[in-house]
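These notes concern the structure reproduced below.
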Amino acid sequence: MTISAESALAGVQATIAAYAHAVDSGNTDAVPDLFTVDGVAEIVGQGTFEGREAIRKAYGAFAPQAPQVHLVGNVLLTSPPGEEVTVSSNLVFLARGEDGWAVQLVGAYEDTLVLEGDAWKFRKRVTTFK
């Protein structure tokens, strides 16, 4: 099957957006389903979580205590499109506190995603903070 760069990028961006919405809304049960069964979520300085159950447990511990928003941009395919792609993107994390919204951190994602049926899933997601 031939996969165009445009099609791959659109699918990858949909998965990245679904991840951000799930994390920000506290829907930590939805996060593992965005990963392959043996997927890995590595959050530098926090830990490496392998497999859906470990990812579910980790993200449950990170559930938001106040309104938050992940803004992800500059999504770039860093490999030719195929049934597996590598992707780099940037993130800004905001949280709402007593004084309103404020930037809490800036970081980056380095991802490997695979096409499972018609959905892109994270095989590995590495989060670093700058």
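Letters for chains follow the order of the structure tokens (A, B, ...), residue numbers begin at 1 for each chain, and ligand numbers begin at 1 in the order shown.
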Note to self: Just want the 8 Å neighbourhood of A:Val72, counted on only C-alpha atoms, with same-chain residues fewer than 4 positions away dropped. Output as an MDAnalysis selection string.
What the structure shows: chainID A and resid 16:17 20 89:92
Item checked: Neighbour list for A:Phe93 as a PyMOL selection string, cut-off 8 Å, only C-alpha atoms, skip fewer than 4 positions in-chain -> chain A and resi 68-71+103-106
For the selection just defined, write its residues with C-alpha atoms to a file, as a PDB file, in the first residue's frame.
ATOM      1  CA  GLN A  68      -4.831  22.357  31.449  1.00  0.00           C
ATOM      2  CA  VAL A  69      -4.047  22.499  27.747  1.00  0.00           C
ATOM      3  CA  HIS A  70      -1.297  20.913  25.647  1.00  0.00           C
ATOM      4  CA  LEU A  71      -0.648  22.926  22.487  1.00  0.00           C
ATOM      5  CA  VAL A 103       2.805  28.459  30.565  1.00  0.00           C
ATOM      6  CA  GLN A 104       4.066  25.653  32.775  1.00  0.00           C
ATOM      7  CA  LEU A 105       6.599  24.107  30.419  1.00  0.00           C
ATOM      8  CA  VAL A 106       7.834  23.848  26.865  1.00  0.00           C
TER       9      VAL A 106
END
Compile a residue-level contact table for stretch 38-105 of chain A against stretch 115-127 of chain A at a cut-off of 10 Å, reporting for every qualifying residue the shortest atom pair and its distance in Å to one decimal, with only C-alpha atoms counted, rows ordered by chain and ascending number, as JSON lines.
{"residue": "A:Asp38", "atom": "CA", "partner": "A:Arg123", "partner_atom": "CA", "distance": 7.2}
{"residue": "A:Gly39", "atom": "CA", "partner": "A:Arg123", "partner_atom": "CA", "distance": 4.5}
{"residue": "A:Val40", "atom": "CA", "partner": "A:Lys124", "partner_atom": "CA", "distance": 4.6}
{"residue": "A:Ala41", "atom": "CA", "partner": "A:Arg125", "partner_atom": "CA", "distance": 4.9}
{"residue": "A:Glu42", "atom": "CA", "partner": "A:Val126", "partner_atom": "CA", "distance": 4.7}
{"residue": "A:Ile43", "atom": "CA", "partner": "A:Thr127", "partner_atom": "CA", "distance": 4.7}
{"residue": "A:Val44", "atom": "CA", "partner": "A:Thr127", "partner_atom": "CA", "distance": 6.1}
{"residue": "A:Gly45", "atom": "CA", "partner": "A:Thr127", "partner_atom": "CA", "distance": 9.4}
{"residue": "A:Gln46", "atom": "CA", "partner": "A:Thr127", "partner_atom": "CA", "distance": 9.6}
{"residue": "A:Thr48", "atom": "CA", "partner": "A:Val126", "partner_atom": "CA", "distance": 8.8}
{"residue": "A:Phe49", "atom": "CA", "partner": "A:Lys124", "partner_atom": "CA", "distance": 9.9}
{"residue": "A:Glu50", "atom": "CA", "partner": "A:Lys124", "partner_atom": "CA", "distance": 9.1}
{"residue": "A:Gly51", "atom": "CA", "partner": "A:Arg123", "partner_atom": "CA", "distance": 9.7}
{"residue": "A:Gly82", "atom": "CA", "partner": "A:Leu115", "partner_atom": "CA", "distance": 8.3}
{"residue": "A:Glu83", "atom": "CA", "partner": "A:Leu115", "partner_atom": "CA", "distance": 5.1}
{"residue": "A:Glu84", "atom": "CA", "partner": "A:Leu115", "partner_atom": "CA", "distance": 6.4}
{"residue": "A:Val85", "atom": "CA", "partner": "A:Leu115", "partner_atom": "CA", "distance": 8.7}
{"residue": "A:Thr86", "atom": "CA", "partner": "A:Lys124", "partner_atom": "CA", "distance": 9.4}
{"residue": "A:Val87", "atom": "CA", "partner": "A:Arg125", "partner_atom": "CA", "distance": 9.5}
{"residue": "A:Ser88", "atom": "CA", "partner": "A:Val126", "partner_atom": "CA", "distance": 9.8}
{"residue": "A:Ser89", "atom": "CA", "partner": "A:Thr127", "partner_atom": "CA", "distance": 9.8}
{"residue": "A:Asn90", "atom": "CA", "partner": "A:Thr127", "partner_atom": "CA", "distance": 9.6}
{"residue": "A:Leu91", "atom": "CA", "partner": "A:Thr127", "partner_atom": "CA", "distance": 9.3}
Notebook entry, point to check: What lies within 10 Å of A:Leu9 using only C-alpha atoms, ignoring chain neighbours under 2 positions off, as a VMD selection string?
Noted result: chain A and resid 3 to 7 11 to 15 75 to 77 81 85 87 120
Could you take the residues named above and write them with all heavy atoms, as a tab-separated table (two decimals), in the first residue's frame?
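So again_27.tsv came out as:
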chain	number	residue	atom	x	y	z
A	3	ILE	N	1.35	5.10	0.80
A	3	ILE	CA	0.81	6.11	1.71
A	3	ILE	C	1.46	7.44	1.37
A	3	ILE	O	2.68	7.56	1.38
A	3	ILE	CB	1.09	5.74	3.18
A	3	ILE	CG1	0.45	4.38	3.49
A	3	ILE	CG2	0.59	6.81	4.12
A	3	ILE	CD1	0.83	3.80	4.81
A	4	SER	N	0.64	8.43	1.07
A	4	SER	CA	1.18	9.75	0.74
A	4	SER	C	1.61	10.47	2.01
A	4	SER	O	1.11	10.19	3.11
A	4	SER	CB	0.13	10.58	0.00
A	4	SER	OG	-0.91	10.96	0.89
A	5	ALA	N	2.51	11.40	1.85
A	5	ALA	CA	2.95	12.21	2.99
A	5	ALA	C	1.78	12.98	3.59
A	5	ALA	O	1.66	13.09	4.82
A	5	ALA	CB	4.06	13.18	2.56
A	6	GLU	N	0.89	13.47	2.73
A	6	GLU	CA	-0.26	14.24	3.21
A	6	GLU	C	-1.19	13.37	4.05
A	6	GLU	O	-1.67	13.77	5.11
A	6	GLU	CB	-1.04	14.87	2.04
A	6	GLU	CG	-0.26	15.92	1.28
A	6	GLU	CD	0.73	15.33	0.27
A	6	GLU	OE1	0.70	14.11	-0.02
A	6	GLU	OE2	1.57	16.10	-0.22
A	7	SER	N	-1.45	12.15	3.58
A	7	SER	CA	-2.32	11.23	4.30
A	7	SER	C	-1.69	10.82	5.63
A	7	SER	O	-2.37	10.80	6.67
A	7	SER	CB	-2.59	9.99	3.44
A	7	SER	OG	-3.31	9.04	4.17
A	11	GLY	N	-3.21	11.75	9.42
A	11	GLY	CA	-3.52	10.71	10.39
A	11	GLY	C	-2.72	10.85	11.67
A	11	GLY	O	-3.24	10.67	12.77
A	12	VAL	N	-1.44	11.16	11.52
A	12	VAL	CA	-0.57	11.36	12.68
A	12	VAL	C	-1.06	12.55	13.51
A	12	VAL	O	-1.13	12.47	14.74
A	12	VAL	CB	0.89	11.54	12.21
A	12	VAL	CG1	1.76	12.14	13.30
A	12	VAL	CG2	1.46	10.21	11.73
A	13	GLN	N	-1.40	13.65	12.84
A	13	GLN	CA	-1.88	14.82	13.56
A	13	GLN	C	-3.18	14.51	14.31
A	13	GLN	O	-3.39	15.00	15.43
A	13	GLN	CB	-2.08	16.00	12.62
A	13	GLN	CG	-0.76	16.60	12.18
A	13	GLN	CD	-0.92	17.73	11.18
A	13	GLN	OE1	-1.70	17.62	10.23
A	13	GLN	NE2	-0.18	18.80	11.39
A	14	ALA	N	-4.03	13.67	13.75
A	14	ALA	CA	-5.26	13.28	14.43
A	14	ALA	C	-4.95	12.49	15.70
A	14	ALA	O	-5.58	12.71	16.75
A	14	ALA	CB	-6.16	12.47	13.49
A	15	THR	N	-3.97	11.60	15.64
A	15	THR	CA	-3.58	10.83	16.83
A	15	THR	C	-2.96	11.74	17.88
A	15	THR	O	-3.28	11.62	19.07
A	15	THR	CB	-2.61	9.70	16.44
A	15	THR	OG1	-3.28	8.83	15.52
A	15	THR	CG2	-2.15	8.91	17.65
A	75	VAL	N	4.48	19.97	13.70
A	75	VAL	CA	4.50	18.53	13.50
A	75	VAL	C	5.18	18.24	12.15
A	75	VAL	O	4.73	18.72	11.11
A	75	VAL	CB	3.08	17.93	13.54
A	75	VAL	CG1	3.11	16.44	13.30
A	75	VAL	CG2	2.41	18.27	14.87
A	76	LEU	N	6.25	17.46	12.20
A	76	LEU	CA	7.06	17.21	11.02
A	76	LEU	C	7.35	15.72	10.89
A	76	LEU	O	7.88	15.11	11.83
A	76	LEU	CB	8.39	17.98	11.15
A	76	LEU	CG	9.40	17.81	10.04
A	76	LEU	CD1	8.88	18.43	8.74
A	76	LEU	CD2	10.72	18.45	10.44
A	77	LEU	N	6.99	15.16	9.74
A	77	LEU	CA	7.40	13.78	9.45
A	77	LEU	C	8.90	13.79	9.23
A	77	LEU	O	9.41	14.56	8.42
A	77	LEU	CB	6.71	13.25	8.20
A	77	LEU	CG	5.19	13.05	8.25
A	77	LEU	CD1	4.70	12.57	6.88
A	77	LEU	CD2	4.79	12.09	9.33
A	81	PRO	N	7.00	8.57	4.24
A	81	PRO	CA	5.74	7.96	4.65
A	81	PRO	C	5.70	6.48	4.27
A	81	PRO	O	6.18	6.08	3.23
A	81	PRO	CB	4.68	8.76	3.88
A	81	PRO	CG	5.42	9.36	2.73
A	81	PRO	CD	6.83	9.56	3.17
A	85	VAL	N	6.13	5.67	10.64
A	85	VAL	CA	6.74	6.98	10.43
A	85	VAL	C	7.35	7.47	11.73
A	85	VAL	O	6.93	7.07	12.82
A	85	VAL	CB	5.72	8.03	9.91
A	85	VAL	CG1	5.22	7.68	8.53
A	85	VAL	CG2	4.58	8.23	10.88
A	87	VAL	N	8.22	11.13	13.73
A	87	VAL	CA	7.64	12.48	13.76
A	87	VAL	C	8.27	13.27	14.89
A	87	VAL	O	8.49	12.75	15.98
A	87	VAL	CB	6.11	12.39	13.99
A	87	VAL	CG1	5.48	13.77	14.00
A	87	VAL	CG2	5.45	11.50	12.96
A	120	TRP	N	-3.53	5.54	13.14
A	120	TRP	CA	-2.11	5.63	13.52
A	120	TRP	C	-2.01	5.47	15.03
A	120	TRP	O	-2.76	6.08	15.78
A	120	TRP	CB	-1.53	6.97	13.08
A	120	TRP	CG	-1.35	7.05	11.60
A	120	TRP	CD1	-2.24	7.53	10.69
A	120	TRP	CD2	-0.23	6.58	10.86
A	120	TRP	NE1	-1.73	7.40	9.42
A	120	TRP	CE2	-0.50	6.83	9.49
A	120	TRP	CE3	0.98	5.99	11.21
A	120	TRP	CZ2	0.40	6.50	8.48
A	120	TRP	CZ3	1.87	5.67	10.20
A	120	TRP	CH2	1.58	5.92	8.86
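Checking A:Gly100, A:Pro64, A:Gly107, A:Pro80 one by one against A:His21, counting only C-alpha atoms, you find the shortest gap at A:Pro64.
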Next item on the list: Please run DSSP on the backbone and report, as a PyMOL selection string, all residues within stretch 24-126 of chain A that come out as alpha helix (DSSP H).
Entry: chain A and resi 24-25+52-61
Notebook entry, point to check: Near stretch 22-24 of chain A, within 12 Å and counting only C-alpha atoms, which residues show up once chain neighbours fewer than 2 positions away are dropped, as a PyMOL selection string?
Noted result: chain A and resi 15-20+26-34+55-56+58-71+93-96
